[in-house]
Amino acid sequence: MTLLRVEHVDKSYGDEEVLHDVSFEMQRQDVEVIVGPSGSGKSTLLRCVNRLTEIDDGAIYLDGEEIHALDENELRRRVGMVFQDFNLFAHRTARGNVTLGLRQVLGMPREEAEATADDYLERVGLADQAESYPAELSGGQQQRVGIARALAMEPELILFDEPTSALDPELIGEVLSVMRDLADEGTTMLCVTHEMGFARSAASRITFLDDGRIVERGPPETLFEDPEHERTRAFLGELAGIQ
Amino acid sequence: MTTTDVDQTAVGELPGRRRLAVGAVGVVFWAWLLARWASHNTLLDRLFTALGAPNLVQSELGVRQREPWLPAEPFQAASDGVADVAASLGPASVLLEWLAWLFDLAAFATTIGPQLAAGAFVTVYLTVLSMLLGLLLAVPLSVARVYGGPVLSRISLAYTELIRGTPLLAQLFFLYFGLPLAGFIDSFGFVGSGGVPRAAVFVAIVGFTINSSAYQSEYIRAALQSVDPGQLTAARSIGLSKLQGIRYVVLPQGLRFAIPGWTNEFVYLIKYSSLAAFITVPELFRRARNIGSDTFQFTDVYVIVALFYLALVLTTALAMGKLEQAVAIPGLGRGADRD
Amino acid sequence: MDPVLLQASDWQFVLENWQFLLLGTVVTVLLTATSLGLGFLTGFPAGAIEVYGSGRLQAAVSTAGVVLRGTPIVVLIVLFFFGLPLPRLGTVPLLEVDLKAFVAATLALGLRSAAYQAQVFRGAIQSIGEGQMEAARSIGMSERQAIQHVIFPQAIRRSIPGFQNEFTIVLKDTSVAFAIGLAELLTRAEQLYLQPGRDTAVMEVLIAISAVYFVLTFTTNRTLDYLNEVYAVPGGNE
């Protein structure tokens, strides 16, 4: 069943065209990984889906509804987001980060919100850090709180915007393992990442975006083993070489 | 006017040991002030009269009739004694003459203490009320300035620039002598009797609230702008509206960063509330001026009143420092320390 | 109470007396200039003493600073006027300025400003990284030379926004010299509307002089902003 349908999306910043005629579909429980060189429009595409950025042309459907017909706060409740630099609410504890949306957006009573928050913190392995403030947590722990914050809203789709790029190498593993668990449990995820190991093992499909256009899209085996385009091969080969 | 008063500290740091001394003197000073206020408070008088102790609190006593609790005589005697010794020593006794003057000052201070305490009461409630009312205006002003569209932010900018670009004393004159505000307030009947202050006091509160709101909004604006924009993005990403994001995420952080600036403004207002004297408000400075005209001891009374203001200002700065520590969040630096 | 505010005849009255108010403006500007000058000349060394001084001198300077910053300007002005043994100095003709009052106001506004300027300068010195001192010492400069040739020049440039702020504060606070009857702008404004039969012109006179203050602060600040941009060290203000 189609959850997300992106149709002929264009987006420019001034004269610079960032996305050109981008179209693709995601089914429920899909894990879609978008790869591409920096400046290729990956993050912009993600932000168009929850309308942190508005598209110029085209259409995006969530579960059959055009997202611009939805209230933007309602849309964002249904589409979670995990940020590259975490963006945890600096004045709230780990638990407080998760409860804010539950209380203010979903209108959950305090005790229920706190219990829910603790459940999600446990799922990302941080039950013992519920009282810690962001500055007291490592980068990997902060990002896991970020994931719990998004998960707690029970979104239909979660956007991951380079969730491990700001982390020290030794902290990447703990975040990826949480993401892998989510994928296994059937969470629908749209991820921008350079982690090829994760892409290869967890993705249902990989999209290679370059210069604002989709160059190639397919299951990981095809893209890694037998890509159609030379550019895809070169890019993935280079990435694999770094890692 | 792109610069703001943001990076100045209110009064500055006292050397380490003196902080302790100021703290100790501050506690004694405030204990005395609070006791003085209580002993002439209308509400407490009614309460204790009802409880069967009609003479404990005396609110009906005119300010000039109030008796000091410390006798002036010992200080006066000490002063006279030292002065006699100084006189017998001839011109080489400058230090002793100073000492005699200090005792003289202490004797004078005990005599005029009750009147100054009454003035300090007006000063304190003028300042506190105006700060709080000013804050109520300043938060929407600063939010409009940072997040409002071109129209709202310009209105907010024009307001703050106009208020900050003209002297407070001119603003007070405008409100009191220019606008028929005092007459309007007087028309409410209850003003000026039964423990309710005179119209001039209300005009002063209006003036200080307006003035203070402009300065406070500058501090809060700077603090809001120092909050990482990613915070609002994250708030929006979980479905909070823009106003909710500002209310629950940006303001709680920004207002904490604004505390040092807020301390500055608090101290500023304690000092500048003295200008209310010129629109007849019987606050601390006006009491001192009146005592000066009665006794012609202008220098002495102004030295004593300066010490009163210093005590108010320094204890406020210390207390605000404590407040800042109390609401601090791990890893969230003070606005001034952020890079 | 007069129901008609802002009458044309009252504006006419303000216009007729423009020379009278101009003399007050001159006094206001002069008082601002002398006070800021005194503030700079004493505040600058005081700030340096707070950073590099030691012992009694430093403690005395920082305590004096706290006292000056913690006392209302009106109290300082009346205290200097009544408390200092200033001789009667007579009156300047035309401006009708009592020199004794002018000196007392300059001392009060100037020394208070010095206390704030010292903090600005101190903060600027402390904001300059240790590396600058180390680099200066590493090429063989003495500490004194390093302070004089490396730290101070940078610190003064970084102080400009703070000094600019002081200008606005001092200019507005010259109006407090009203307390000792100095014939500056606000005092002259009061003299105008206290004339018999002119009590309807209070608003008009006060709006007019507020506009003068506003124009003075606004234009000077914009000019200083411009100068600050022109003379800034590229990338050197962070």
# chains A, B, ... in the order shown; residues from 1 in each chain; ligands from 1
>>> residues_around(residues="range 81-94 of chain A", least_positions_apart="2", cutoff="7 Å", atoms="only C-alpha atoms", output="mmCIF file with all heavy atoms, in the first residue's frame")
data_model
loop_
_atom_site.group_PDB
_atom_site.id
_atom_site.type_symbol
_atom_site.label_atom_id
_atom_site.label_comp_id
_atom_site.auth_asym_id
_atom_site.auth_seq_id
_atom_site.Cartn_x
_atom_site.Cartn_y
_atom_site.Cartn_z
ATOM 1 N N VAL A 79 4.519 12.864 10.215
ATOM 2 C CA VAL A 79 5.830 12.591 9.604
ATOM 3 C C VAL A 79 6.905 13.062 10.568
ATOM 4 O O VAL A 79 7.098 14.258 10.749
ATOM 5 C CB VAL A 79 5.964 13.342 8.259
ATOM 6 C CG1 VAL A 79 7.328 13.079 7.650
ATOM 7 C CG2 VAL A 79 4.859 12.939 7.304
ATOM 8 N N GLY A 96 11.934 15.131 28.995
ATOM 9 C CA GLY A 96 11.217 16.356 28.648
ATOM 10 C C GLY A 96 11.184 16.601 27.150
ATOM 11 O O GLY A 96 10.206 17.138 26.620
ATOM 12 N N ASN A 97 12.244 16.204 26.463
ATOM 13 C CA ASN A 97 12.256 16.329 25.007
ATOM 14 C C ASN A 97 11.161 15.489 24.377
ATOM 15 O O ASN A 97 10.537 15.893 23.413
ATOM 16 C CB ASN A 97 13.625 15.903 24.456
ATOM 17 C CG ASN A 97 14.535 17.086 24.225
ATOM 18 O OD1 ASN A 97 14.511 17.689 23.158
ATOM 19 N ND2 ASN A 97 15.307 17.440 25.240
ATOM 20 N N VAL A 98 10.952 14.300 24.923
ATOM 21 C CA VAL A 98 9.954 13.407 24.340
ATOM 22 C C VAL A 98 8.538 13.826 24.740
ATOM 23 O O VAL A 98 7.611 13.784 23.940
ATOM 24 C CB VAL A 98 10.233 11.944 24.760
ATOM 25 C CG1 VAL A 98 9.248 10.993 24.082
ATOM 26 C CG2 VAL A 98 11.661 11.546 24.395
ATOM 27 N N GLN A 129 18.892 7.333 31.315
ATOM 28 C CA GLN A 129 19.317 8.719 31.099
ATOM 29 C C GLN A 129 18.146 9.688 31.008
ATOM 30 O O GLN A 129 18.306 10.811 30.530
ATOM 31 C CB GLN A 129 20.138 8.824 29.798
ATOM 32 C CG GLN A 129 21.417 8.014 29.798
ATOM 33 C CD GLN A 129 22.470 8.609 30.707
ATOM 34 O OE1 GLN A 129 22.315 9.725 31.192
ATOM 35 N NE2 GLN A 129 23.523 7.858 30.965
ATOM 36 N N ALA A 130 16.960 9.243 31.446
ATOM 37 C CA ALA A 130 15.764 10.063 31.254
ATOM 38 C C ALA A 130 15.890 11.445 31.886
ATOM 39 O O ALA A 130 15.342 12.425 31.390
ATOM 40 C CB ALA A 130 14.545 9.337 31.815
ATOM 41 N N GLU A 131 16.651 11.531 32.995
ATOM 42 C CA GLU A 131 16.741 12.805 33.716
ATOM 43 C C GLU A 131 17.887 13.685 33.220
ATOM 44 O O GLU A 131 18.090 14.781 33.735
ATOM 45 C CB GLU A 131 16.968 12.535 35.214
ATOM 46 C CG GLU A 131 15.903 11.697 35.886
ATOM 47 C CD GLU A 131 14.639 12.494 36.143
ATOM 48 O OE1 GLU A 131 14.717 13.741 36.117
ATOM 49 O OE2 GLU A 131 13.577 11.873 36.353
ATOM 50 N N SER A 132 18.648 13.188 32.262
ATOM 51 C CA SER A 132 19.825 13.961 31.841
ATOM 52 C C SER A 132 19.442 15.051 30.857
ATOM 53 O O SER A 132 18.527 14.888 30.055
ATOM 54 C CB SER A 132 20.842 13.038 31.164
ATOM 55 O OG SER A 132 21.235 12.028 32.052
ATOM 56 N N TYR A 133 20.164 16.172 30.939
ATOM 57 C CA TYR A 133 19.985 17.245 29.965
ATOM 58 C C TYR A 133 20.854 16.943 28.739
ATOM 59 O O TYR A 133 21.861 16.251 28.852
ATOM 60 C CB TYR A 133 20.374 18.586 30.573
ATOM 61 C CG TYR A 133 19.306 19.119 31.492
ATOM 62 C CD1 TYR A 133 19.356 18.885 32.853
ATOM 63 C CD2 TYR A 133 18.224 19.831 30.979
ATOM 64 C CE1 TYR A 133 18.363 19.353 33.701
ATOM 65 C CE2 TYR A 133 17.226 20.298 31.805
ATOM 66 C CZ TYR A 133 17.302 20.063 33.171
ATOM 67 O OH TYR A 133 16.312 20.523 33.991
ATOM 68 N N PRO A 134 20.465 17.470 27.578
ATOM 69 C CA PRO A 134 21.209 17.183 26.356
ATOM 70 C C PRO A 134 22.719 17.355 26.510
ATOM 71 O O PRO A 134 23.491 16.512 26.054
ATOM 72 C CB PRO A 134 20.632 18.188 25.359
ATOM 73 C CG PRO A 134 19.222 18.355 25.797
ATOM 74 C CD PRO A 134 19.262 18.257 27.300
ATOM 75 N N GLN A 142 22.465 11.576 22.431
ATOM 76 C CA GLN A 142 21.561 12.666 22.031
ATOM 77 C C GLN A 142 20.763 12.264 20.799
ATOM 78 O O GLN A 142 19.563 12.494 20.722
ATOM 79 C CB GLN A 142 22.367 13.933 21.709
ATOM 80 C CG GLN A 142 22.962 14.588 22.927
ATOM 81 C CD GLN A 142 23.498 15.981 22.609
ATOM 82 O OE1 GLN A 142 22.791 16.814 22.065
ATOM 83 N NE2 GLN A 142 24.746 16.215 22.944
ATOM 84 N N GLN A 143 21.442 11.648 19.820
ATOM 85 C CA GLN A 143 20.718 11.288 18.613
ATOM 86 C C GLN A 143 19.670 10.218 18.905
ATOM 87 O O GLN A 143 18.597 10.215 18.303
ATOM 88 C CB GLN A 143 21.705 10.813 17.525
ATOM 89 C CG GLN A 143 21.074 10.670 16.163
ATOM 90 C CD GLN A 143 20.434 11.975 15.673
ATOM 91 O OE1 GLN A 143 19.441 12.445 16.243
ATOM 92 N NE2 GLN A 143 21.009 12.563 14.645
ATOM 93 N N VAL A 145 18.005 9.995 21.689
ATOM 94 C CA VAL A 145 16.870 10.733 22.246
ATOM 95 C C VAL A 145 16.076 11.372 21.111
ATOM 96 O O VAL A 145 14.837 11.348 21.101
ATOM 97 C CB VAL A 145 17.334 11.818 23.246
ATOM 98 C CG1 VAL A 145 16.144 12.657 23.709
ATOM 99 C CG2 VAL A 145 18.028 11.193 24.439
ATOM 100 N N GLY A 146 16.796 11.919 20.120
ATOM 101 C CA GLY A 146 16.127 12.518 18.965
ATOM 102 C C GLY A 146 15.218 11.519 18.273
ATOM 103 O O GLY A 146 14.103 11.850 17.861
ATOM 104 N N ILE A 147 15.689 10.284 18.158
ATOM 105 C CA ILE A 147 14.880 9.244 17.528
ATOM 106 C C ILE A 147 13.666 8.920 18.398
ATOM 107 O O ILE A 147 12.537 8.807 17.900
ATOM 108 C CB ILE A 147 15.739 7.981 17.265
ATOM 109 C CG1 ILE A 147 16.820 8.295 16.225
ATOM 110 C CG2 ILE A 147 14.867 6.821 16.794
ATOM 111 C CD1 ILE A 147 17.824 7.187 16.008
ATOM 112 N N ALA A 150 11.019 11.510 17.999
ATOM 113 C CA ALA A 150 10.245 11.364 16.771
ATOM 114 C C ALA A 150 9.300 10.172 16.866
ATOM 115 O O ALA A 150 8.115 10.262 16.523
ATOM 116 C CB ALA A 150 11.187 11.211 15.583
ATOM 117 N N ILE A 158 9.129 8.260 9.172
ATOM 118 C CA ILE A 158 10.157 9.074 9.835
ATOM 119 C C ILE A 158 11.230 9.453 8.825
ATOM 120 O O ILE A 158 11.702 8.613 8.058
ATOM 121 C CB ILE A 158 10.822 8.320 11.012
ATOM 122 C CG1 ILE A 158 9.756 7.889 12.024
ATOM 123 C CG2 ILE A 158 11.840 9.221 11.709
ATOM 124 C CD1 ILE A 158 10.356 7.259 13.276
ATOM 125 N N LEU A 159 11.590 10.738 8.834
ATOM 126 C CA LEU A 159 12.648 11.241 7.961
ATOM 127 C C LEU A 159 13.948 11.290 8.761
ATOM 128 O O LEU A 159 13.976 11.842 9.858
ATOM 129 C CB LEU A 159 12.290 12.649 7.474
ATOM 130 C CG LEU A 159 10.880 12.840 6.910
ATOM 131 C CD1 LEU A 159 10.598 14.327 6.680
ATOM 132 C CD2 LEU A 159 10.730 12.061 5.608
ATOM 133 N N PHE A 160 14.997 10.712 8.210
ATOM 134 C CA PHE A 160 16.314 10.780 8.861
ATOM 135 C C PHE A 160 17.231 11.632 7.990
ATOM 136 O O PHE A 160 17.535 11.244 6.869
ATOM 137 C CB PHE A 160 16.915 9.379 9.026
ATOM 138 C CG PHE A 160 16.240 8.553 10.080
ATOM 139 C CD1 PHE A 160 15.078 7.852 9.801
ATOM 140 C CD2 PHE A 160 16.778 8.460 11.361
ATOM 141 C CE1 PHE A 160 14.451 7.084 10.775
ATOM 142 C CE2 PHE A 160 16.165 7.685 12.346
ATOM 143 C CZ PHE A 160 14.994 7.004 12.056
ATOM 144 N N ASP A 161 17.672 12.764 8.513
ATOM 145 C CA ASP A 161 18.522 13.668 7.731
ATOM 146 C C ASP A 161 19.976 13.523 8.174
ATOM 147 O O ASP A 161 20.414 14.192 9.099
ATOM 148 C CB ASP A 161 18.032 15.110 7.920
ATOM 149 C CG ASP A 161 18.766 16.080 7.008
ATOM 150 O OD1 ASP A 161 19.549 15.617 6.152
ATOM 151 O OD2 ASP A 161 18.548 17.300 7.150
ATOM 152 N N GLU A 162 20.710 12.649 7.519
ATOM 153 C CA GLU A 162 22.107 12.362 7.868
ATOM 154 C C GLU A 162 22.289 12.209 9.373
ATOM 155 O O GLU A 162 23.057 12.958 9.997
ATOM 156 C CB GLU A 162 23.026 13.475 7.335
ATOM 157 C CG GLU A 162 22.892 13.660 5.839
ATOM 158 C CD GLU A 162 24.109 14.341 5.217
ATOM 159 O OE1 GLU A 162 25.217 14.126 5.760
ATOM 160 O OE2 GLU A 162 23.955 15.036 4.219
ATOM 161 N N PRO A 163 21.618 11.253 9.985
ATOM 162 C CA PRO A 163 21.582 11.175 11.451
ATOM 163 C C PRO A 163 22.927 10.851 12.090
ATOM 164 O O PRO A 163 23.074 11.055 13.297
ATOM 165 C CB PRO A 163 20.586 10.046 11.723
ATOM 166 C CG PRO A 163 20.607 9.223 10.485
ATOM 167 C CD PRO A 163 20.850 10.189 9.353
ATOM 168 N N THR A 164 23.897 10.373 11.315
ATOM 169 C CA THR A 164 25.175 9.999 11.949
ATOM 170 C C THR A 164 26.329 10.894 11.504
ATOM 171 O O THR A 164 27.456 10.697 11.936
ATOM 172 C CB THR A 164 25.542 8.537 11.613
ATOM 173 O OG1 THR A 164 25.564 8.385 10.190
ATOM 174 C CG2 THR A 164 24.540 7.570 12.195
ATOM 175 N N SER A 165 26.038 11.891 10.665
ATOM 176 C CA SER A 165 27.147 12.673 10.095
ATOM 177 C C SER A 165 27.865 13.535 11.113
ATOM 178 O O SER A 165 29.018 13.887 10.933
ATOM 179 C CB SER A 165 26.635 13.580 8.981
ATOM 180 O OG SER A 165 26.091 12.794 7.967
ATOM 181 N N ALA A 166 27.159 13.912 12.190
ATOM 182 C CA ALA A 166 27.796 14.789 13.168
ATOM 183 C C ALA A 166 28.442 13.996 14.303
ATOM 184 O O ALA A 166 28.882 14.590 15.285
ATOM 185 C CB ALA A 166 26.768 15.760 13.736
ATOM 186 N N GLY B 230 17.874 25.923 15.026
ATOM 187 C CA GLY B 230 17.504 24.505 14.928
ATOM 188 C C GLY B 230 16.493 24.096 15.978
ATOM 189 O O GLY B 230 15.735 23.146 15.786
ATOM 190 N N GLN B 231 16.463 24.826 17.099
ATOM 191 C CA GLN B 231 15.513 24.508 18.163
ATOM 192 C C GLN B 231 14.077 24.710 17.692
ATOM 193 O O GLN B 231 13.206 23.895 17.957
ATOM 194 C CB GLN B 231 15.794 25.386 19.385
ATOM 195 C CG GLN B 231 17.135 25.116 20.037
ATOM 196 C CD GLN B 231 17.117 23.842 20.849
ATOM 197 O OE1 GLN B 231 16.205 23.588 21.617
ATOM 198 N NE2 GLN B 231 18.123 23.012 20.668
ATOM 199 N N ALA B 234 13.208 22.016 15.105
ATOM 200 C CA ALA B 234 12.884 20.737 15.737
ATOM 201 C C ALA B 234 11.489 20.774 16.342
ATOM 202 O O ALA B 234 10.721 19.812 16.244
ATOM 203 C CB ALA B 234 13.926 20.412 16.806
ATOM 204 N N SER B 237 9.068 20.314 13.742
ATOM 205 C CA SER B 237 9.091 18.985 13.134
ATOM 206 C C SER B 237 8.269 17.972 13.913
ATOM 207 O O SER B 237 7.904 16.927 13.387
ATOM 208 C CB SER B 237 10.526 18.477 12.989
ATOM 209 O OG SER B 237 10.961 17.930 14.207
ATOM 210 N N VAL B 249 9.678 26.260 23.525
ATOM 211 C CA VAL B 249 11.071 25.909 23.268
ATOM 212 C C VAL B 249 11.984 27.141 23.261
ATOM 213 O O VAL B 249 12.995 27.182 23.959
ATOM 214 C CB VAL B 249 11.202 25.133 21.935
ATOM 215 C CG1 VAL B 249 12.662 24.879 21.611
ATOM 216 C CG2 VAL B 249 10.443 23.817 22.021
ATOM 217 N N GLN B 253 14.327 29.021 26.881
ATOM 218 C CA GLN B 253 15.783 29.158 26.808
ATOM 219 C C GLN B 253 16.179 30.623 26.749
ATOM 220 O O GLN B 253 17.068 31.069 27.462
ATOM 221 C CB GLN B 253 16.308 28.437 25.569
ATOM 222 C CG GLN B 253 16.046 26.946 25.613
ATOM 223 C CD GLN B 253 16.568 26.243 24.372
ATOM 224 O OE1 GLN B 253 17.642 26.542 23.874
ATOM 225 N NE2 GLN B 253 15.806 25.297 23.865
ATOM 226 N N ILE B 329 20.515 25.551 33.530
ATOM 227 C CA ILE B 329 20.384 24.209 32.990
ATOM 228 C C ILE B 329 21.777 23.736 32.602
ATOM 229 O O ILE B 329 22.528 24.486 32.003
ATOM 230 C CB ILE B 329 19.486 24.229 31.751
ATOM 231 C CG1 ILE B 329 18.066 24.534 32.167
ATOM 232 C CG2 ILE B 329 19.548 22.913 31.005
ATOM 233 C CD1 ILE B 329 17.170 24.798 31.004
ATOM 234 N N LEU B 332 23.732 24.764 29.343
ATOM 235 C CA LEU B 332 23.208 25.972 28.721
ATOM 236 C C LEU B 332 23.883 27.152 29.375
ATOM 237 O O LEU B 332 23.557 27.517 30.488
ATOM 238 C CB LEU B 332 21.696 26.085 28.925
ATOM 239 C CG LEU B 332 20.802 25.583 27.799
ATOM 240 C CD1 LEU B 332 19.381 26.028 28.036
ATOM 241 C CD2 LEU B 332 21.296 26.073 26.457
#
>>> select_by_dssp(residues="range 53-125 of chain A", states="helix (DSSP H, G or I)", output="ChimeraX atom specification")
/A:67-69,72-78,94-104,110-123
>>> interface_residues(of="chain C", to="chain B", cutoff="6 Å", atoms="only C-alpha atoms", output="ChimeraX atom specification")
/C:66,69-72,79,82-83,172,202-203,210,213-214,221
>>> atom_distance(atom1="CA of Tyr52 in chain C", atom2="CA of Arg137 in chain C")
16.2 Å
>>> atom_distance(atom1="CA of Phe44 in chain C", atom2="CA of Leu76 in chain C")
20.7 Å
>>> residues_around(residues="Leu157 in chain A", least_positions_apart="5", cutoff="10 Å", atoms="only C-alpha atoms", output="PyMOL selection string")
chain A and resi 3-4+26+28-31+49-50+62+76-81+150-151+187-190
>>> residues_around(residues="range 54-61 of chain A", least_positions_apart="6", cutoff="6 Å", atoms="only C-alpha atoms", output="ChimeraX atom specification")
/A:4-11,48,67
